[in-house]
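I have placed the structure first, in the form of structure tokens, so that the comments after it can refer back to it.
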There are 2 protein chains.
Amino acid sequence: MTARDLKELSQADALRLLAGTPLGRIVFTRHALPAVRPVNHIVVDGHIVIRSNPGTVISAEVAPAGAVVAFEADELDVAERLGWSVIVTGVARLVEDPEEAALYRERLTPWVAGEMDQVIRIRPEMVTGFELVPAAS
Amino acid sequence: MTARDLKELSQADALRLLAGTPLGRIVFTRHALPAVRPVNHIVVDGHIVIRSNPGTVISAEVAPAGAVVAFEADELDVAERLGWSVIVTGVARLVEDPEEAALYRERLTPWVAGEMDQVIRIRPEMVTGFELVPAAS
């Protein structure tokens with residue numbers, strides 16, 4: 001299998017790819033330790049929007065504190081070793097306005113059953129991404 | 001689309017699934033901020049092994065410090081909304097013994113071209129995982 005080169009994506013391409021995939025992983029710090037959870041998302045006006053159960057660490061600790069999180073999504077073909085990965089870093093906040101939260105809830109159905117009423121929005125501060133491309137010989 | 005329930009995986013099942021997939025994401029803290037990178041891996045004797053370029057943050061800062069990292073892998077079917085995710089937390093360290101590092105390098109080919117000679121081993125301290133299953137009605 002030929003090795004691949006990493007080709008940097010523009011910020012616009014990275015956000016477009018992120019918006020085109022329904023699933024990512026939110027990365028945060030808890031008790032000074034790194035933590036990660038897969039979650040389905042949408043991108044609205046350049047912000048990442050997710051839903052969460054009020055009992056989770058993300059709803060109860062991360063978003064209320066306005067903590068910095070990372071959000072990663074990728075589509076990587078294991079057989080071909082081609083694809084892309086996008087990483088966004090930004091502040092996560094609970095959407096407190098009831099009407100705004102209701103609008104997001106209409107557009108974003110959680111995959112997981114149960115009370116997933118909390119809406120969290122991540123404002124990207126830094127967007128990076130790469131594509132795996134055939135290596136220059 | 002029916003919502004899914006989360007079914008917790010046993011530690012043994014979680015490690016078996018992690019060993020059966022070639023690709024994960026290493027999650028670490030840099031300057032107190034969460035960071036994440038996709039990387040291909042193998043599991044050897046219950047440890048996660050990855051390769052890295054000496055110039056990266058993981059090789060130059062995270063592993064030399066023996067920092068705690070998380071490692072996430074998943075296989076989630078976007079159409080069916082079924083699949084699994086595994087999250088391991090543990091200490092990352094450079095494999096300093098040249099013979100041991102050479103053995104790992106024989107078994108693990110990096111996807112990315114270039115100098116990927118550094119071998120890093122993560123010793124799992126905490127292993128969690130879940131499966132998405134059809135929700136109980």
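Ordering of the structure tokens sets the chain letters (A, B, ...); residue numbers start at 1 within each chain; ligands are numbered from 1 in the order shown.
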Please determine the contact residues of chain B with respect to chain A at a cut-off of 9 Å, counting only C-alpha atoms, and supply them as a PyMOL selection string.
-> chain B and resi 1-6+21-23+27-29+32-38+68-72+74+76+78+81+85+87+89+109-114+132+135
Quick one: pick out all strand (DSSP E) residues within region 2-135 of chain B from a backbone DSSP run and write them as JSON, numbers by chain.
-> {"B": [4, 5, 6, 7, 8, 23, 24, 25, 26, 27, 28, 29, 30, 33, 34, 35, 36, 37, 38, 39, 40, 41, 42, 43, 44, 47, 48, 49, 50, 51, 52, 68, 69, 70, 71, 72, 73, 74, 75, 76, 77, 82, 83, 84, 85, 86, 87, 88, 89, 90, 91, 92, 93, 94, 118, 119, 120, 121, 122, 123, 124, 125, 126, 127, 128, 129, 130, 131, 132, 133, 134]}
Quote the spacing between CA of Val57 (chain A) and CA of Val91 (chain A) in Å to one decimal place.
-> 15.3 Å
All alpha helix (DSSP H) positions in chain B, as a ChimeraX atom specification = /B:11-19,57,98-107
Within 10 Å of Ile120 (chain B), counting only C-alpha atoms, which residues show up once you throw out same-chain ones fewer than 4 positions away? Write them as a PDB file with C-alpha atoms, in the first residue's frame, please.
ATOM      1  CA  HIS B  41      -2.892   1.989  15.286  1.00  0.00           C
ATOM      2  CA  HIS B  47      -1.561  -1.657  24.641  1.00  0.00           C
ATOM      3  CA  ILE B  48      -2.350   0.753  21.819  1.00  0.00           C
ATOM      4  CA  VAL B  49       0.661   1.393  19.584  1.00  0.00           C
ATOM      5  CA  ILE B  50       0.952   4.273  17.100  1.00  0.00           C
ATOM      6  CA  ARG B  51       3.745   5.807  15.020  1.00  0.00           C
ATOM      7  CA  SER B  52       4.484   9.476  14.785  1.00  0.00           C
ATOM      8  CA  ILE B  58       2.514  14.077  20.303  1.00  0.00           C
ATOM      9  CA  SER B  59       6.143  12.991  19.817  1.00  0.00           C
ATOM     10  CA  VAL B  62       2.805  14.555  24.949  1.00  0.00           C
ATOM     11  CA  ALA B  63       4.646  11.206  24.972  1.00  0.00           C
ATOM     12  CA  PRO B  64       7.953  12.447  26.490  1.00  0.00           C
ATOM     13  CA  ALA B  92       1.251   7.667  26.444  1.00  0.00           C
ATOM     14  CA  ARG B  93       4.998   7.006  26.369  1.00  0.00           C
ATOM     15  CA  LEU B  94       7.729   6.873  23.755  1.00  0.00           C
ATOM     16  CA  VAL B  95       9.058   3.349  23.218  1.00  0.00           C
ATOM     17  CA  GLU B  96      12.734   4.040  23.931  1.00  0.00           C
ATOM     18  CA  ALA B 101      10.563  -0.067  18.727  1.00  0.00           C
ATOM     19  CA  TYR B 104       6.517  -2.500  16.535  1.00  0.00           C
TER      20      TYR B 104
END
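Atom pair CA of Thr56 (chain A) / CA of Gly24 (chain A): separated by 17.0 Å.
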